[in-house]
>>> print(open('model.cif').read())   # mmCIF, C-alpha atoms
data_structure
loop_
_atom_site.label_atom_id
_atom_site.label_comp_id
_atom_site.auth_asym_id
_atom_site.auth_seq_id
_atom_site.Cartn_x
_atom_site.Cartn_y
_atom_site.Cartn_z
CA MET A 1 0.00 0.00 0.00
CA LYS A 2 2.87 2.34 0.89
CA HIS A 3 4.66 1.55 -2.34
CA TRP A 4 1.48 2.14 -4.28
CA PHE A 5 1.16 5.66 -2.76
CA ILE A 6 4.77 6.65 -3.44
CA ARG A 7 4.61 5.34 -6.99
CA SER A 8 1.40 7.23 -7.73
CA ALA A 9 2.79 10.45 -6.23
CA LEU A 10 5.88 10.20 -8.37
CA ILE A 11 3.86 9.62 -11.54
CA LEU A 12 1.63 12.59 -10.68
CA LEU A 13 4.68 14.80 -10.12
CA ILE A 14 6.15 13.77 -13.48
CA ILE A 15 2.86 14.49 -15.25
CA ILE A 16 2.62 17.98 -13.68
CA LEU A 17 6.22 18.80 -14.53
CA VAL A 18 5.80 17.66 -18.15
CA PHE A 19 2.60 19.60 -18.68
CA SER A 20 3.59 22.72 -16.75
CA ASN A 21 6.39 23.22 -19.29
CA ARG A 22 3.62 23.62 -21.90
CA THR A 23 1.37 25.90 -19.92
CA ASP A 24 0.15 28.70 -22.20
CA ALA A 25 -0.09 31.67 -19.87
CA ASP A 26 -1.41 34.58 -21.94
CA LEU A 27 0.37 37.43 -20.24
CA SER A 28 -0.26 40.65 -22.08
CA ASP A 29 -0.18 44.38 -21.61
CA GLN A 30 -1.81 47.25 -23.43
CA GLU A 31 -0.94 50.89 -23.80
CA LEU A 32 -3.53 53.41 -24.93
CA VAL A 33 -2.72 56.57 -26.85
CA ALA A 34 -5.98 58.29 -26.13
CA SER A 35 -7.92 61.27 -27.46
CA ASN A 36 -6.28 61.72 -30.83
CA PHE A 37 -8.06 64.63 -32.48
CA LEU A 38 -7.76 66.03 -36.01
CA THR A 39 -9.96 68.90 -37.19
CA VAL A 40 -10.36 70.59 -40.57
CA ALA A 41 -10.17 74.36 -40.79
CA ASN A 42 -13.37 76.39 -40.88
CA LEU A 43 -13.43 78.98 -43.62
CA ASP A 44 -16.21 81.55 -43.76
CA ILE A 45 -16.22 85.14 -44.99
CA ASN A 46 -19.13 87.55 -44.74
CA ASN A 47 -20.10 90.93 -46.15
CA GLN A 48 -21.71 93.17 -43.57
CA ASP A 49 -23.32 96.57 -43.51
CA SER A 50 -20.65 98.79 -41.93
CA ALA A 51 -23.33 100.72 -40.00
CA ASN A 52 -25.16 97.89 -38.25
CA LEU A 53 -23.18 94.73 -39.14
CA GLN A 54 -26.20 93.13 -40.78
CA PRO A 55 -25.53 90.83 -43.75
CA LYS A 56 -25.13 92.79 -46.95
CA SER A 57 -25.74 91.47 -50.46
CA SER A 58 -25.92 94.62 -52.57
CA LEU A 59 -24.01 97.87 -52.90
CA PHE A 60 -24.83 100.38 -55.65
CA GLN A 61 -28.40 100.87 -56.80
CA ILE A 62 -28.14 104.04 -58.90
CA SER A 63 -30.85 105.47 -61.08
CA GLY A 64 -30.35 108.47 -63.40
CA LEU A 65 -26.58 108.71 -63.16
CA ILE A 66 -25.24 111.72 -65.07
CA PRO A 67 -21.74 112.86 -66.03
CA THR A 68 -19.68 113.93 -62.94
CA GLY A 69 -22.23 112.15 -60.76
CA PHE A 70 -21.14 109.56 -58.21
CA GLN A 71 -22.34 107.51 -55.27
CA VAL A 72 -20.50 106.19 -52.19
CA GLU A 73 -21.12 102.86 -50.49
CA SER A 74 -19.30 100.82 -47.87
CA VAL A 75 -18.97 97.21 -46.81
CA ARG A 76 -17.29 95.36 -43.96
CA ILE A 77 -15.62 92.10 -44.99
CA ARG A 78 -15.20 89.82 -41.97
CA ASN A 79 -13.36 86.53 -41.46
CA GLU A 80 -15.72 84.30 -39.47
CA GLY A 81 -13.62 81.16 -39.88
CA THR A 82 -10.98 79.63 -37.64
CA PHE A 83 -7.89 80.59 -39.55
CA THR A 84 -6.15 83.42 -41.36
CA LEU A 85 -7.47 83.56 -44.92
CA GLU A 86 -6.85 85.44 -48.10
CA TYR A 87 -9.68 87.16 -49.88
CA SER A 88 -10.07 88.83 -53.21
CA VAL A 89 -12.59 91.34 -54.56
CA GLN A 90 -13.28 91.90 -58.24
CA PRO A 91 -16.23 92.68 -60.50
CA SER A 92 -18.05 89.79 -62.15
CA GLN A 93 -21.26 89.00 -64.02
CA MET A 94 -20.92 92.35 -65.78
CA SER A 95 -23.52 93.13 -68.45
CA GLY A 96 -24.43 96.48 -69.97
CA GLY A 97 -21.88 97.29 -72.62
CA SER A 98 -20.50 100.78 -72.95
CA LEU A 99 -21.92 102.20 -69.72
CA CYS A 100 -20.08 99.52 -67.74
CA SER A 101 -16.79 100.26 -69.46
CA ASN A 102 -17.11 103.96 -68.68
CA LEU A 103 -17.81 103.64 -64.96
CA GLU A 104 -14.94 104.59 -62.71
CA LEU A 105 -14.28 103.16 -59.29
CA THR A 106 -12.41 104.48 -56.30
CA VAL A 107 -11.81 102.16 -53.33
CA LEU A 108 -10.51 103.18 -49.90
CA LYS A 109 -9.38 100.95 -47.08
CA ASN A 110 -8.60 102.60 -43.76
CA TRP A 111 -9.25 105.85 -45.61
CA GLN A 112 -6.33 105.16 -47.90
CA ILE A 113 -7.00 104.88 -51.61
CA ILE A 114 -6.17 101.36 -52.72
CA TYR A 115 -7.62 101.63 -56.22
CA GLN A 116 -8.67 104.33 -58.63
CA GLY A 117 -9.53 103.50 -62.22
CA ALA A 118 -11.94 101.70 -64.50
CA LEU A 119 -14.51 99.50 -62.79
CA ALA A 120 -13.77 96.60 -65.11
CA ASP A 121 -10.06 96.56 -64.18
CA PHE A 122 -10.54 96.49 -60.41
CA SER A 123 -8.98 93.60 -58.52
CA TYR A 124 -7.87 93.59 -54.91
CA SER A 125 -6.69 90.91 -52.51
CA ASP A 126 -5.53 90.91 -48.92
CA GLN A 127 -5.20 88.70 -45.86
CA LEU A 128 -7.54 88.59 -42.88
CA ASP A 129 -6.77 87.05 -39.51
CA GLU A 130 -9.37 85.07 -37.57
CA ASN A 131 -12.24 87.38 -36.50
CA ALA A 132 -10.59 90.35 -38.24
CA TYR A 133 -12.33 92.57 -40.80
CA ASP A 134 -11.62 95.14 -43.48
CA ASP A 135 -13.85 98.16 -44.08
CA LEU A 136 -13.98 99.17 -47.73
CA VAL A 137 -15.44 102.45 -48.95
CA LEU A 138 -16.27 102.47 -52.64
CA SER A 139 -17.23 105.35 -54.93
CA LEU A 140 -18.72 104.73 -58.36
CA ALA A 141 -18.70 107.62 -60.82
CA LEU A 142 -19.43 108.51 -64.43
CA ASN A 143 -16.97 111.07 -65.78
CA SER A 144 -17.70 110.76 -69.48
CA ASN A 145 -20.37 112.96 -71.07
CA ASP A 146 -20.64 110.89 -74.22
CA ASN A 147 -24.23 111.14 -75.43
CA SER A 148 -24.30 107.48 -76.36
CA LEU A 149 -24.21 106.61 -72.66
CA GLN A 150 -27.60 108.20 -71.97
CA GLN A 151 -30.33 105.89 -70.62
CA GLY A 152 -27.89 103.04 -70.50
CA SER A 153 -27.81 100.20 -68.02
CA CYS A 154 -25.04 98.31 -66.30
CA SER A 155 -25.47 95.44 -63.87
CA PHE A 156 -22.59 93.70 -62.19
CA ALA A 157 -21.54 92.10 -58.92
CA PHE A 158 -18.48 92.34 -56.73
CA LEU A 159 -17.29 88.82 -56.11
CA VAL A 160 -15.70 88.44 -52.70
CA LYS A 161 -13.88 85.11 -52.68
CA SER A 162 -11.84 83.65 -49.84
CA THR A 163 -9.48 80.72 -49.56
CA LEU A 164 -7.01 79.70 -46.91
CA ASP A 165 -4.09 81.02 -48.88
CA LEU A 166 -5.18 80.85 -52.54
CA THR A 167 -2.91 77.90 -53.32
CA THR A 168 -2.93 75.11 -50.75
CA THR A 169 -6.44 73.70 -50.68
CA PRO A 170 -9.72 74.09 -52.56
CA LEU A 171 -11.64 75.12 -49.42
CA TYR A 172 -13.33 78.37 -50.32
CA ASP A 173 -16.20 80.74 -49.69
CA GLU A 174 -17.80 83.18 -52.10
CA GLU A 175 -20.08 86.14 -51.51
CA LEU A 176 -21.65 88.46 -54.06
CA LEU A 177 -22.49 92.15 -53.76
CA GLN A 178 -25.03 92.99 -56.48
CA ASN A 179 -25.05 96.37 -58.27
CA GLN A 180 -27.35 98.08 -60.75
CA VAL A 181 -26.61 101.39 -62.51
CA ILE A 182 -28.97 103.21 -64.90
CA SER A 183 -27.81 106.39 -66.54
CA GLY A 184 -29.98 109.48 -66.99
CA THR A 185 -30.29 111.97 -69.83
CA TRP A 186 -28.24 115.07 -70.46
CA MET B 1 -5.72 -9.77 -3.74
CA ARG B 2 -2.64 -8.74 -5.65
CA LYS B 3 -4.79 -8.47 -8.81
CA PHE B 4 -7.22 -6.23 -6.91
CA ASP B 5 -4.35 -3.87 -5.85
CA LYS B 6 -3.19 -3.60 -9.43
CA SER B 7 -6.66 -2.62 -10.56
CA ILE B 8 -6.89 0.09 -7.88
CA SER B 9 -3.45 1.37 -8.76
CA PHE B 10 -4.32 1.66 -12.46
CA SER B 11 -7.62 3.43 -11.72
CA SER B 12 -5.84 5.83 -9.40
CA LEU B 13 -3.34 6.66 -12.07
CA ILE B 14 -6.08 7.49 -14.57
CA LEU B 15 -7.84 9.66 -11.96
CA ILE B 16 -4.61 11.47 -11.13
CA PHE B 17 -3.96 12.04 -14.81
CA ILE B 18 -7.41 13.60 -15.34
CA VAL B 19 -7.11 15.79 -12.24
CA SER B 20 -3.71 16.97 -13.44
CA LEU B 21 -5.04 17.94 -16.84
CA VAL B 22 -7.90 19.90 -15.32
CA SER B 23 -5.65 21.71 -12.87
CA ILE B 24 -3.19 22.59 -15.64
CA ALA B 25 -5.98 24.01 -17.78
CA ALA B 26 -7.19 26.05 -14.82
CA THR B 27 -3.82 27.72 -14.47
CA GLN B 28 -4.22 29.63 -17.73
CA ALA B 29 -4.01 33.18 -16.51
CA LEU B 30 -5.08 36.22 -18.54
CA TYR B 31 -3.54 39.34 -17.07
CA ARG B 32 -4.43 42.62 -18.71
CA ASP B 33 -3.84 46.20 -17.89
CA VAL B 34 -4.88 49.36 -19.75
CA GLU B 35 -3.10 52.65 -19.21
CA LYS B 36 -4.34 56.00 -20.47
CA SER B 37 -2.07 58.81 -21.49
CA ASN B 38 -2.69 62.30 -20.22
CA LYS B 39 -3.10 65.19 -22.62
CA GLY B 40 0.27 65.47 -24.28
CA THR B 41 2.30 68.05 -26.05
CA PHE B 42 3.35 68.19 -29.67
CA VAL B 43 6.75 66.64 -29.16
CA VAL B 44 7.32 63.07 -30.27
CA GLY B 45 6.95 60.81 -27.25
CA THR B 46 7.86 57.28 -26.30
CA LEU B 47 5.68 54.51 -25.06
CA ASP B 48 7.19 51.81 -22.88
CA LEU B 49 5.05 48.79 -23.01
CA SER B 50 5.45 46.16 -20.36
CA VAL B 51 3.90 42.82 -19.69
CA GLU B 52 4.04 43.73 -16.07
CA ALA B 53 0.71 44.80 -14.69
CA GLY B 54 0.13 48.34 -13.62
CA GLN B 55 2.88 50.07 -15.52
CA GLY B 56 1.52 53.05 -17.39
CA GLU B 57 3.35 55.51 -19.57
CA VAL B 58 2.52 58.97 -20.78
CA SER B 59 2.53 58.90 -24.54
CA ASP B 60 2.17 61.43 -27.28
CA HIS B 61 -1.07 61.78 -29.21
CA PHE B 62 -2.36 63.63 -32.26
CA GLU B 63 -3.93 67.01 -31.62
CA VAL B 64 -4.20 68.82 -34.93
CA GLU B 65 -6.35 71.84 -35.72
CA ASN B 66 -6.98 73.74 -38.91
CA ILE B 67 -6.13 70.95 -41.30
CA GLY B 68 -6.01 72.50 -44.73
CA SER B 69 -3.95 75.53 -43.87
CA SER B 70 -0.56 75.80 -45.51
CA ASP B 71 1.34 74.21 -42.62
CA MET B 72 -1.33 71.63 -41.80
CA LEU B 73 -1.53 69.41 -44.87
CA SER B 74 0.12 66.32 -43.39
CA GLY B 75 1.80 65.15 -40.22
CA SER B 76 3.02 62.18 -38.24
CA LYS B 77 3.72 60.75 -34.83
CA THR B 78 6.28 58.13 -33.83
CA TRP B 79 6.05 55.84 -30.84
CA ILE B 80 8.78 53.59 -29.48
CA ILE B 81 7.32 50.32 -28.32
CA LYS B 82 9.60 48.73 -25.76
CA ASN B 83 9.28 45.31 -24.26
CA VAL B 84 10.56 45.91 -20.74
CA GLY B 85 9.49 42.50 -19.54
CA THR B 86 11.41 39.30 -19.46
CA LEU B 87 9.42 37.35 -22.05
CA PRO B 88 9.22 37.83 -25.83
CA GLY B 89 6.00 39.51 -26.91
CA ASN B 90 3.91 39.73 -30.07
CA LEU B 91 2.98 43.33 -30.88
CA SER B 92 -0.37 44.35 -32.32
CA MET B 93 -1.94 47.74 -32.94
CA ARG B 94 -5.52 48.79 -33.46
CA ILE B 95 -7.85 51.80 -33.52
CA GLU B 96 -10.64 52.08 -31.00
CA ARG B 97 -13.38 54.59 -30.13
CA LEU B 98 -13.29 56.11 -33.61
CA SER B 99 -15.71 59.03 -34.04
CA ASN B 100 -16.35 61.27 -37.02
CA TRP B 101 -17.71 64.51 -35.54
CA GLU B 102 -19.96 66.98 -37.31
CA TYR B 103 -20.41 70.31 -35.54
CA GLY B 104 -22.97 71.91 -37.81
CA CYS B 105 -23.01 74.01 -40.96
CA ASN B 106 -21.16 77.15 -41.75
CA GLU B 107 -22.36 78.91 -44.87
CA PRO B 108 -20.07 77.33 -47.50
CA GLU B 109 -20.45 73.86 -45.94
CA GLY B 110 -24.22 74.17 -45.87
CA LEU B 111 -24.28 74.73 -49.61
CA GLU B 112 -22.68 71.33 -50.26
CA ASP B 113 -23.42 69.12 -47.25
CA THR B 114 -27.11 68.35 -46.88
CA SER B 115 -26.60 66.55 -43.56
CA CYS B 116 -24.45 69.06 -41.68
CA ASP B 117 -27.49 70.56 -39.96
CA ASP B 118 -27.68 67.31 -37.97
CA PRO B 119 -24.50 67.58 -35.91
CA GLY B 120 -23.11 64.91 -33.65
CA GLN B 121 -20.92 61.86 -33.35
CA ASN B 122 -20.39 59.92 -36.57
CA GLN B 123 -22.27 62.54 -38.61
CA GLY B 124 -19.07 64.01 -40.06
CA GLU B 125 -17.31 63.09 -43.29
CA LEU B 126 -13.65 63.79 -42.56
CA GLY B 127 -12.74 60.15 -41.87
CA VAL B 128 -13.58 59.19 -45.43
CA TYR B 129 -10.92 61.53 -46.80
CA LEU B 130 -8.27 61.52 -44.06
CA GLN B 131 -5.63 58.95 -44.93
CA SER B 132 -3.25 57.16 -42.55
CA ASP B 133 -0.09 55.21 -43.34
CA THR B 134 1.44 53.25 -40.48
CA TYR B 135 5.02 52.00 -40.61
CA LEU B 136 6.89 49.47 -38.49
CA ILE B 137 10.51 50.52 -38.04
CA ASN B 138 13.21 48.14 -36.92
CA ASP B 139 16.66 49.74 -37.01
CA GLN B 140 16.86 51.21 -40.50
CA ASN B 141 14.16 49.01 -42.00
CA GLU B 142 10.85 50.74 -42.53
CA GLN B 143 7.85 48.69 -43.57
CA LEU B 144 4.41 50.04 -44.48
CA ILE B 145 1.96 47.92 -42.52
CA VAL B 146 -1.42 49.65 -42.70
CA SER B 147 -2.74 52.16 -45.21
CA THR B 148 -6.34 53.13 -44.60
CA ASN B 149 -8.69 55.99 -43.82
CA PHE B 150 -10.47 56.83 -40.57
CA PHE B 151 -13.97 55.74 -41.49
CA GLN B 152 -14.11 52.29 -39.86
CA ALA B 153 -12.13 51.41 -36.75
CA ASP B 154 -12.12 47.66 -37.42
CA ALA B 155 -10.33 48.06 -40.74
CA PHE B 156 -7.08 49.09 -39.09
CA GLY B 157 -6.71 46.05 -36.85
CA GLN B 158 -7.74 43.70 -39.63
CA LEU B 159 -5.11 45.15 -41.98
CA TRP B 160 -2.48 44.95 -39.24
CA ASP B 161 -3.17 41.25 -38.68
CA GLN B 162 -3.38 40.59 -42.40
CA ASN B 163 -0.15 42.34 -43.33
CA THR B 164 1.96 41.16 -40.39
CA GLY B 165 0.53 37.68 -40.19
CA GLY B 166 -0.05 38.49 -36.53
CA ASN B 167 3.66 38.05 -36.00
CA VAL B 168 5.64 41.08 -34.80
CA ILE B 169 7.83 39.62 -32.09
CA ILE B 170 9.70 41.94 -29.74
CA PRO B 171 12.30 40.12 -27.65
CA PRO B 172 12.77 41.17 -24.02
CA LYS B 173 14.47 44.53 -23.53
CA GLU B 174 14.20 45.35 -27.23
CA SER B 175 12.03 47.90 -28.96
CA ARG B 176 10.34 48.72 -32.28
CA SER B 177 9.18 52.08 -33.59
CA ILE B 178 5.75 52.72 -35.02
CA ARG B 179 5.14 55.82 -37.12
CA MET B 180 1.68 56.91 -38.20
CA ASP B 181 1.45 59.50 -40.99
CA TRP B 182 -1.73 61.38 -41.79
CA SER B 183 -2.43 63.24 -45.01
CA MET B 184 -5.17 64.34 -47.38
CA ASN B 185 -5.21 64.63 -51.14
CA TYR B 186 -5.55 68.15 -52.47
CA GLU B 187 -8.83 67.37 -54.21
CA ASP B 188 -10.34 65.99 -51.00
CA PHE B 189 -10.37 69.37 -49.27
CA ILE B 190 -13.98 70.00 -50.14
CA ASN B 191 -16.31 72.34 -48.30
CA GLU B 192 -18.35 69.33 -47.15
CA ILE B 193 -15.70 68.55 -44.50
CA GLN B 194 -15.21 72.09 -43.17
CA GLY B 195 -14.85 72.08 -39.40
CA ASP B 196 -15.34 68.30 -39.11
CA SER B 197 -13.19 66.24 -36.72
CA VAL B 198 -11.92 62.72 -36.33
CA GLU B 199 -11.29 61.37 -32.83
CA PHE B 200 -9.81 57.99 -31.96
CA ASP B 201 -7.68 55.99 -29.53
CA ILE B 202 -4.68 53.92 -30.54
CA VAL B 203 -4.12 50.66 -28.68
CA PHE B 204 -0.77 48.90 -28.62
CA GLU B 205 -0.86 45.39 -27.22
CA LEU B 206 2.02 43.09 -26.41
CA GLU B 207 1.04 39.50 -25.89
CA GLN B 208 3.34 36.87 -24.52
CA VAL B 209 4.75 34.43 -27.05
CA GLY B 210 3.97 30.98 -25.67
CA ASN B 211 6.43 28.09 -25.49
CA GLY B 212 4.49 26.30 -28.14
CA ASN B 213 5.01 29.22 -30.58
#
>>> encode(input="model.cif", output="structure tokens")
Amino acid sequence: MKHWFIRSALILLIIILVFSNRTDADLSDQELVASNFLTVANLDINNQDSANLQPKSSLFQISGLIPTGFQVESVRIRNEGTFTLEYSVQPSQMSGGSLCSNLELTVLKNWQIIYQGALADFSYSDQLDENAYDDLVLSLALNSNDNSLQQGSCSFAFLVKSTLDLTTTPLYDEELLQNQVISGTW
Amino acid sequence: MRKFDKSISFSSLILIFIVSLVSIAATQALYRDVEKSNKGTFVVGTLDLSVEAGQGEVSDHFEVENIGSSDMLSGSKTWIIKNVGTLPGNLSMRIERLSNWEYGCNEPEGLEDTSCDDPGQNQGELGVYLQSDTYLINDQNEQLIVSTNFFQADAFGQLWDQNTGGNVIIPPKESRSIRMDWSMNYEDFINEIQGDSVEFDIVFELEQVGNGN
């Protein structure tokens, strides 16, 4: 009986030793790199009435314009995005023939003249920081007294277009300021 | 009588054998520990990964704003995965808790994205366009392991297993580097993704290589 016990114990010990060498203990550890966050820029430009900051979609609405006559308008261009952007202003959608080509534009920024010349040739671009704005004062005039310009019509828009920096990405925003000019008789 | 003893002895042996097998199976231990990193800085960090329980490391994470600006068109992070234990480990990597956030419409986005007025988790579109390339670096050897976007979290882990064969062994006291690059194609910067975000966790796991492996 004693021999039987010792023999069995030895066999059991051998079995445990053999199998314990094959024990598959799945020790593991994890590390977490948490809260990775990537966000795309927010690009938004707006035209505002410089008096009350309400949205503005039109500038000049002139009826009966005569030689030496002019009108003055203003607009505040504001960057409402999350990053410094570049914006450009230029006339577009122009229709009206000879009256359009004879209109002259003067543009002031910070009361400094930044453009003076033909409406059709106007083009301006600048940079705006986040939440910054530019106030533009524009004067539209007719200096020619050519009789063929009487009772003419010119409609056009100022296209205000913004991008992040005009070259890197196609993210953009566009705003239009509509204009209508009708000449009088003289 | 002697025959009877033999029979008992044989039965006992079988019983002992069965008990041994059961007790061996019961010893399979599954130790796990998860450590979270605190908010990090922009410097490249290291991550020491141990099979020892309770060891956490502060690691570097992505925190990128204004993607699309001239200096935010691509980027990368590198982590050093170190086996500080005493056993060889098999390294795996996966993405968890992936969210594509939509925060609402600004004017140009609203003109192109009909769903941006329903903001919230997984309402955004950025993950479709944001590309990631993940490299395993061992000394001077650099191997592209996973190339995918951030739209489905499961895809990353599946590609890791598929392209490594589930076999990236790090011997004790040795390390490997993992670099994840992010980028976007120029034509993918559409107004539909303005202001959208991608948020995710990266999980590195080192699992012991068994004797049978």
>>> resolve_selection(input="model.cif", expression="the PyMOL selection byres ((chain B and resi 66-71) around 9)", output="list of chain:residue names")
A:Leu38, A:Thr39, A:Val40, A:Ala41, A:Asn42, A:Thr82, A:Phe83, A:Thr84, A:Leu85, A:Leu164, A:Asp165, A:Thr167, A:Thr168, A:Thr169, A:Pro170, A:Leu171, B:Val64, B:Glu65, B:Met72, B:Leu73, B:Ser74, B:Met184, B:Tyr186, B:Phe189, B:Gly195
>>> closest_residue(input="model.cif", among="A:Asp129, A:Asp49, A:Asp173, A:Glu86", to="A:Ser74", atoms="all atoms listed in the file")
A:Asp49
>>> resolve_selection(input="model.cif", expression="the PyMOL selection byres ((chain B and resi 102-114) around 8)", output="short mmCIF file (atom, residue, chain, number, x, y, z; two decimals) with C-alpha atoms, in the frame of the given file")
data_model
loop_
_atom_site.label_atom_id
_atom_site.label_comp_id
_atom_site.auth_asym_id
_atom_site.auth_seq_id
_atom_site.Cartn_x
_atom_site.Cartn_y
_atom_site.Cartn_z
CA ASN A 42 -13.37 76.39 -40.88
CA LEU A 43 -13.43 78.98 -43.62
CA ASP A 44 -16.21 81.55 -43.76
CA TYR A 172 -13.33 78.37 -50.32
CA ASP A 173 -16.20 80.74 -49.69
CA GLU A 174 -17.80 83.18 -52.10
CA ASN B 100 -16.35 61.27 -37.02
CA TRP B 101 -17.71 64.51 -35.54
CA SER B 115 -26.60 66.55 -43.56
CA CYS B 116 -24.45 69.06 -41.68
CA ASP B 117 -27.49 70.56 -39.96
CA ASP B 118 -27.68 67.31 -37.97
CA PRO B 119 -24.50 67.58 -35.91
CA GLY B 120 -23.11 64.91 -33.65
CA GLN B 121 -20.92 61.86 -33.35
CA ASN B 122 -20.39 59.92 -36.57
CA GLN B 123 -22.27 62.54 -38.61
CA GLY B 124 -19.07 64.01 -40.06
CA GLU B 125 -17.31 63.09 -43.29
CA ASN B 191 -16.31 72.34 -48.30
CA GLU B 192 -18.35 69.33 -47.15
CA ILE B 193 -15.70 68.55 -44.50
CA GLN B 194 -15.21 72.09 -43.17
CA GLY B 195 -14.85 72.08 -39.40
CA ASP B 196 -15.34 68.30 -39.11
CA SER B 197 -13.19 66.24 -36.72
#
>>> atom_distance(input="model.cif", atom1="atom CA of B:Phe200", atom2="atom CA of B:Ser177")
20.0 Å
>>> resolve_selection(input="model.cif", expression="the PyMOL selection byres ((chain A and resi 155) around 9)", output="NGL selection string")
:A and (93-96 or 100 or 153-154 or 156-157 or 178-182)
>>> residues_around(input="model.cif", residues="A:Asn110", least_positions_apart="2", cutoff="9 Å", atoms="only C-alpha atoms", output="list in words")
Leu108, Gln112, Ile113, Asp134, Asp135, Leu136 and Val137 of chain A
>>> closest_residue(input="model.cif", among="A:Ile14, A:Leu105, A:Leu140, A:Val33", to="chain B", atoms="only C-alpha atoms")
A:Val33
>>> closest_residue(input="model.cif", among="A:Asp146, A:Asp126, A:Glu80, A:Glu73", to="chain B", atoms="all atoms listed in the file")
A:Glu80
>>> closest_residue(input="model.cif", among="A:Gln48, A:Gly152, A:Leu142, A:Thr68", to="A:Gly97", atoms="all atoms listed in the file")
A:Gly152
>>> atom_distance(input="model.cif", atom1="atom CA of B:Gln131", atom2="atom CA of B:Asn185")
8.4 Å
>>> closest_residue(input="model.cif", among="A:Ser162, A:Leu59, A:Asn102, A:Phe122", to="chain B", atoms="all atoms listed in the file")
A:Ser162
>>> atom_distance(input="model.cif", atom1="atom CA of A:Trp186", atom2="atom CA of A:Asn143")
12.8 Å
>>> decode(input="model.cif", residues="stretch 172-186 of chain A", atoms="C-alpha atoms", output="PDB file, in the first residue's frame")
ATOM      1  CA  TYR A 172     -13.329  78.368 -50.324  1.00  0.00           C
ATOM      2  CA  ASP A 173     -16.198  80.744 -49.692  1.00  0.00           C
ATOM      3  CA  GLU A 174     -17.802  83.180 -52.100  1.00  0.00           C
ATOM      4  CA  GLU A 175     -20.084  86.145 -51.511  1.00  0.00           C
ATOM      5  CA  LEU A 176     -21.651  88.457 -54.062  1.00  0.00           C
ATOM      6  CA  LEU A 177     -22.489  92.153 -53.763  1.00  0.00           C
ATOM      7  CA  GLN A 178     -25.029  92.986 -56.475  1.00  0.00           C
ATOM      8  CA  ASN A 179     -25.049  96.367 -58.267  1.00  0.00           C
ATOM      9  CA  GLN A 180     -27.346  98.078 -60.753  1.00  0.00           C
ATOM     10  CA  VAL A 181     -26.609 101.385 -62.510  1.00  0.00           C
ATOM     11  CA  ILE A 182     -28.968 103.215 -64.896  1.00  0.00           C
ATOM     12  CA  SER A 183     -27.808 106.391 -66.540  1.00  0.00           C
ATOM     13  CA  GLY A 184     -29.984 109.476 -66.993  1.00  0.00           C
ATOM     14  CA  THR A 185     -30.291 111.970 -69.826  1.00  0.00           C
ATOM     15  CA  TRP A 186     -28.243 115.074 -70.460  1.00  0.00           C
TER      16      TRP A 186
END
